Amino acid sequence: MPKIVFLLEEPSMKNTLEHILPKILSKDVAFQLVEHEGKSSLQKSIPIKLKGWKGVHFVIVQDQDSGDCVSLKNELRELACKSGRDDTLVRIVCRELEAWFLGDFEAVEEAYGIDLSKVKNKKKYRNPDMVENAKEELKKIVHSYQPYSGSGKIAQHMDIERNKAHSFKVFVEGVRRLNDRILSH
């Protein structure tokens, strides 16, 4: 069975993708999530893992934070290419993971059993990828939100079609294309 290995910046992203990927990938494509303890840990491991694992496909997922999205993506692509894996899919989460959650307020409502109708239509949330410090914004809205436990709690209710976060849509689109390419070979 073909396999995709996802190299992730943090445990919260692993917790999220455990719920999201079965909604995106075919049942004929296996996946493995490899979490790291931050950007530097992820970036140091990329050459090792890409050279070491044969017969699998790779996706690298990292938060943009305050960096330049295009530069960061190019840096990660260059690491993959230098490791002999120019077929690696690189996806940047615009600003941080919580922007994806702000892109699906219905999932947040379901996860926490709260009504966010007064909040979700505010102008600043219309483009979740542009929300500065999405994690803090989410904590203001859901006081009990904790990144690790909250990521899984929200992700299990996420609808991949209704999410408004552009970087989430680009992630889903890229993974679907990779899935289709794998199955067509």
# chains A, B, ... in the order shown; residues from 1 in each chain; ligands from 1
$ residues_around --residues "region 12-26 of chain A" --least-positions-apart "6" --cutoff "8 Å" --atoms "only C-alpha atoms" --output "PDB file with N, CA and C atoms, in the first residue's frame"
ATOM      1  N   LEU A  33       2.334  10.113  10.631  1.00  0.00           N
ATOM      2  CA  LEU A  33       2.560  11.468  11.112  1.00  0.00           C
ATOM      3  C   LEU A  33       3.784  11.486  12.018  1.00  0.00           C
ATOM      4  N   VAL A  34       4.768  12.309  11.663  1.00  0.00           N
ATOM      5  CA  VAL A  34       5.995  12.397  12.444  1.00  0.00           C
ATOM      6  C   VAL A  34       6.097  13.812  13.000  1.00  0.00           C
ATOM      7  N   GLU A  35       5.881  13.931  14.302  1.00  0.00           N
ATOM      8  CA  GLU A  35       5.903  15.243  14.943  1.00  0.00           C
ATOM      9  C   GLU A  35       7.309  15.602  15.398  1.00  0.00           C
ATOM     10  N   LEU A  97      -1.469  27.157  13.342  1.00  0.00           N
ATOM     11  CA  LEU A  97      -2.520  26.142  13.275  1.00  0.00           C
ATOM     12  C   LEU A  97      -3.896  26.662  13.688  1.00  0.00           C
ATOM     13  N   PRO A 147      -3.691  24.230  23.361  1.00  0.00           N
ATOM     14  CA  PRO A 147      -3.276  23.808  22.024  1.00  0.00           C
ATOM     15  C   PRO A 147      -3.318  22.308  21.745  1.00  0.00           C
ATOM     16  N   TYR A 148      -2.741  21.488  22.604  1.00  0.00           N
ATOM     17  CA  TYR A 148      -2.689  20.064  22.273  1.00  0.00           C
ATOM     18  C   TYR A 148      -4.059  19.408  22.362  1.00  0.00           C
ATOM     19  N   SER A 149      -4.705  19.503  23.502  1.00  0.00           N
ATOM     20  CA  SER A 149      -6.007  18.832  23.654  1.00  0.00           C
ATOM     21  C   SER A 149      -7.063  19.483  22.768  1.00  0.00           C
ATOM     22  N   SER A 151      -6.664  20.938  19.884  1.00  0.00           N
ATOM     23  CA  SER A 151      -6.485  20.657  18.454  1.00  0.00           C
ATOM     24  C   SER A 151      -7.242  19.397  18.041  1.00  0.00           C
ATOM     25  N   GLY A 152      -7.133  18.356  18.823  1.00  0.00           N
ATOM     26  CA  GLY A 152      -7.858  17.121  18.508  1.00  0.00           C
ATOM     27  C   GLY A 152      -9.351  17.272  18.696  1.00  0.00           C
ATOM     28  N   ILE A 154     -11.197  19.982  18.389  1.00  0.00           N
ATOM     29  CA  ILE A 154     -11.789  20.765  17.297  1.00  0.00           C
ATOM     30  C   ILE A 154     -11.693  20.006  15.978  1.00  0.00           C
ATOM     31  N   ALA A 155     -10.534  19.425  15.699  1.00  0.00           N
ATOM     32  CA  ALA A 155     -10.294  18.767  14.408  1.00  0.00           C
ATOM     33  C   ALA A 155     -11.296  17.664  14.107  1.00  0.00           C
ATOM     34  N   GLN A 156     -11.754  16.957  15.124  1.00  0.00           N
ATOM     35  CA  GLN A 156     -12.696  15.867  14.858  1.00  0.00           C
ATOM     36  C   GLN A 156     -14.040  16.381  14.347  1.00  0.00           C
ATOM     37  N   MET A 158     -14.131  19.213  12.294  1.00  0.00           N
ATOM     38  CA  MET A 158     -13.874  20.064  11.122  1.00  0.00           C
ATOM     39  C   MET A 158     -14.441  19.451   9.850  1.00  0.00           C
ATOM     40  N   ILE A 160     -13.875  19.681   5.968  1.00  0.00           N
ATOM     41  CA  ILE A 160     -12.825  20.159   5.068  1.00  0.00           C
ATOM     42  C   ILE A 160     -13.364  21.022   3.927  1.00  0.00           C
ATOM     43  N   VAL A 172      -5.373  21.003   1.812  1.00  0.00           N
ATOM     44  CA  VAL A 172      -6.289  19.932   1.397  1.00  0.00           C
ATOM     45  C   VAL A 172      -6.133  19.644  -0.094  1.00  0.00           C
ATOM     46  N   VAL A 175      -2.783  17.809  -0.820  1.00  0.00           N
ATOM     47  CA  VAL A 175      -2.802  16.416  -0.361  1.00  0.00           C
ATOM     48  C   VAL A 175      -3.713  15.582  -1.261  1.00  0.00           C
ATOM     49  N   ARG A 176      -4.828  16.143  -1.692  1.00  0.00           N
ATOM     50  CA  ARG A 176      -5.715  15.408  -2.623  1.00  0.00           C
ATOM     51  C   ARG A 176      -5.011  15.126  -3.945  1.00  0.00           C
ATOM     52  N   ASN A 179      -2.499  12.378  -3.372  1.00  0.00           N
ATOM     53  CA  ASN A 179      -3.256  11.130  -3.250  1.00  0.00           C
ATOM     54  C   ASN A 179      -3.627  10.604  -4.640  1.00  0.00           C
TER      55      ASN A 179
END
$ residues_around --residues "Ile92 (chain A)" --least-positions-apart "6" --cutoff "8 Å" --atoms "only C-alpha atoms" --output "ChimeraX atom specification"
/A:61-64,69,72-73,167,171
$ residues_around --residues "Cys81 (chain A)" --least-positions-apart "5" --cutoff "12 Å" --atoms "only C-alpha atoms" --output "list of chain:residue names"
A:Ile46, A:Pro47, A:Leu50, A:Lys51, A:Phe58, A:Asn74, A:Glu75, A:Leu76, A:Asp86, A:Asp87, A:Thr88, A:Leu89, A:Val90
$ closest_residue --among "A:Val93, A:Asp28, A:Pro2, A:His185" --to "Val70 (chain A)" --atoms "only C-alpha atoms"
A:Val93
$ closest_residue --among "A:Glu96, A:Glu173, A:Glu161, A:Asp115" --to "Val142 (chain A)" --atoms "only C-alpha atoms"
A:Asp115
$ closest_residue --among "A:His36, A:Arg126, A:His157, A:Lys27" --to "Val108 (chain A)" --atoms "only C-alpha atoms"
A:His157
$ closest_residue --among "A:Lys123, A:Lys169, A:Arg95, A:Lys135" --to "Gly150 (chain A)" --atoms "only C-alpha atoms"
A:Lys135
$ closest_residue --among "A:Leu178, A:Leu8, A:Val119, A:Val170" --to "Glu137 (chain A)" --atoms "only C-alpha atoms"
A:Val119
$ residues_around --residues "Leu116 (chain A)" --least-positions-apart "6" --cutoff "12 Å" --atoms "only C-alpha atoms" --output "PyMOL selection string"
chain A and resi 102+104-110+122+125+138+140-142
$ write_last_selection --atoms "N, CA and C atoms" --output "tab-separated table (two decimals), in the first residue's frame"
chain	number	residue	atom	x	y	z
A	102	LEU	N	-10.03	28.84	13.38
A	102	LEU	CA	-10.84	30.05	13.20
A	102	LEU	C	-11.55	30.03	11.84
A	104	ASP	N	-13.14	27.49	10.77
A	104	ASP	CA	-14.29	26.60	10.89
A	104	ASP	C	-14.90	26.77	12.29
A	105	PHE	N	-15.58	27.92	12.47
A	105	PHE	CA	-16.18	28.22	13.77
A	105	PHE	C	-17.21	27.18	14.18
A	106	GLU	N	-17.86	26.55	13.21
A	106	GLU	CA	-18.85	25.51	13.54
A	106	GLU	C	-18.17	24.35	14.28
A	107	ALA	N	-16.97	24.00	13.85
A	107	ALA	CA	-16.23	22.93	14.53
A	107	ALA	C	-15.87	23.33	15.96
A	108	VAL	N	-15.49	24.59	16.14
A	108	VAL	CA	-15.16	25.09	17.48
A	108	VAL	C	-16.41	25.05	18.36
A	109	GLU	N	-17.53	25.48	17.80
A	109	GLU	CA	-18.80	25.45	18.55
A	109	GLU	C	-19.16	24.02	18.97
A	110	GLU	N	-19.05	23.09	18.03
A	110	GLU	CA	-19.38	21.69	18.32
A	110	GLU	C	-18.43	21.09	19.36
A	122	LYS	N	-17.50	38.54	12.76
A	122	LYS	CA	-16.68	39.74	12.89
A	122	LYS	C	-15.71	39.82	11.71
A	125	TYR	N	-12.28	37.97	11.44
A	125	TYR	CA	-12.23	36.52	11.27
A	125	TYR	C	-12.62	36.07	9.85
A	138	LEU	N	-8.06	32.64	19.67
A	138	LEU	CA	-8.90	31.48	19.98
A	138	LEU	C	-9.07	31.33	21.51
A	140	LYS	N	-9.11	33.76	23.61
A	140	LYS	CA	-10.05	34.81	24.05
A	140	LYS	C	-11.50	34.36	23.83
A	141	ILE	N	-11.71	33.63	22.74
A	141	ILE	CA	-13.05	33.17	22.39
A	141	ILE	C	-13.45	31.95	23.21
A	142	VAL	N	-12.50	31.01	23.35
A	142	VAL	CA	-12.73	29.77	24.11
A	142	VAL	C	-11.69	29.75	25.23
$ select_by_dssp --residues "region 2-177 of chain A" --states "alpha helix (DSSP H)" --output "ChimeraX atom specification"
/A:11-24,39-52,69-82,98-102,105-112,134-141,147-155,166-177
$ atom_distance --atom1 "CA of Phe6 (chain A)" --atom2 "CA of Ala30 (chain A)"
10.9 Å
$ atom_distance --atom1 "CA of Asp65 (chain A)" --atom2 "CA of Ile114 (chain A)"
27.8 Å
$ atom_distance --atom1 "CA of Ser41 (chain A)" --atom2 "CA of Glu10 (chain A)"
9.4 Å
$ closest_residue --among "A:Lys54, A:Lys153, A:His143, A:Lys164" --to "Ser83 (chain A)" --atoms "only C-alpha atoms"
A:Lys54
$ select_by_dssp --residues "region 71-128 of chain A" --states "strand (DSSP E)" --output "JSON, numbers by chain"
{"A": [89, 90, 91, 92, 93]}
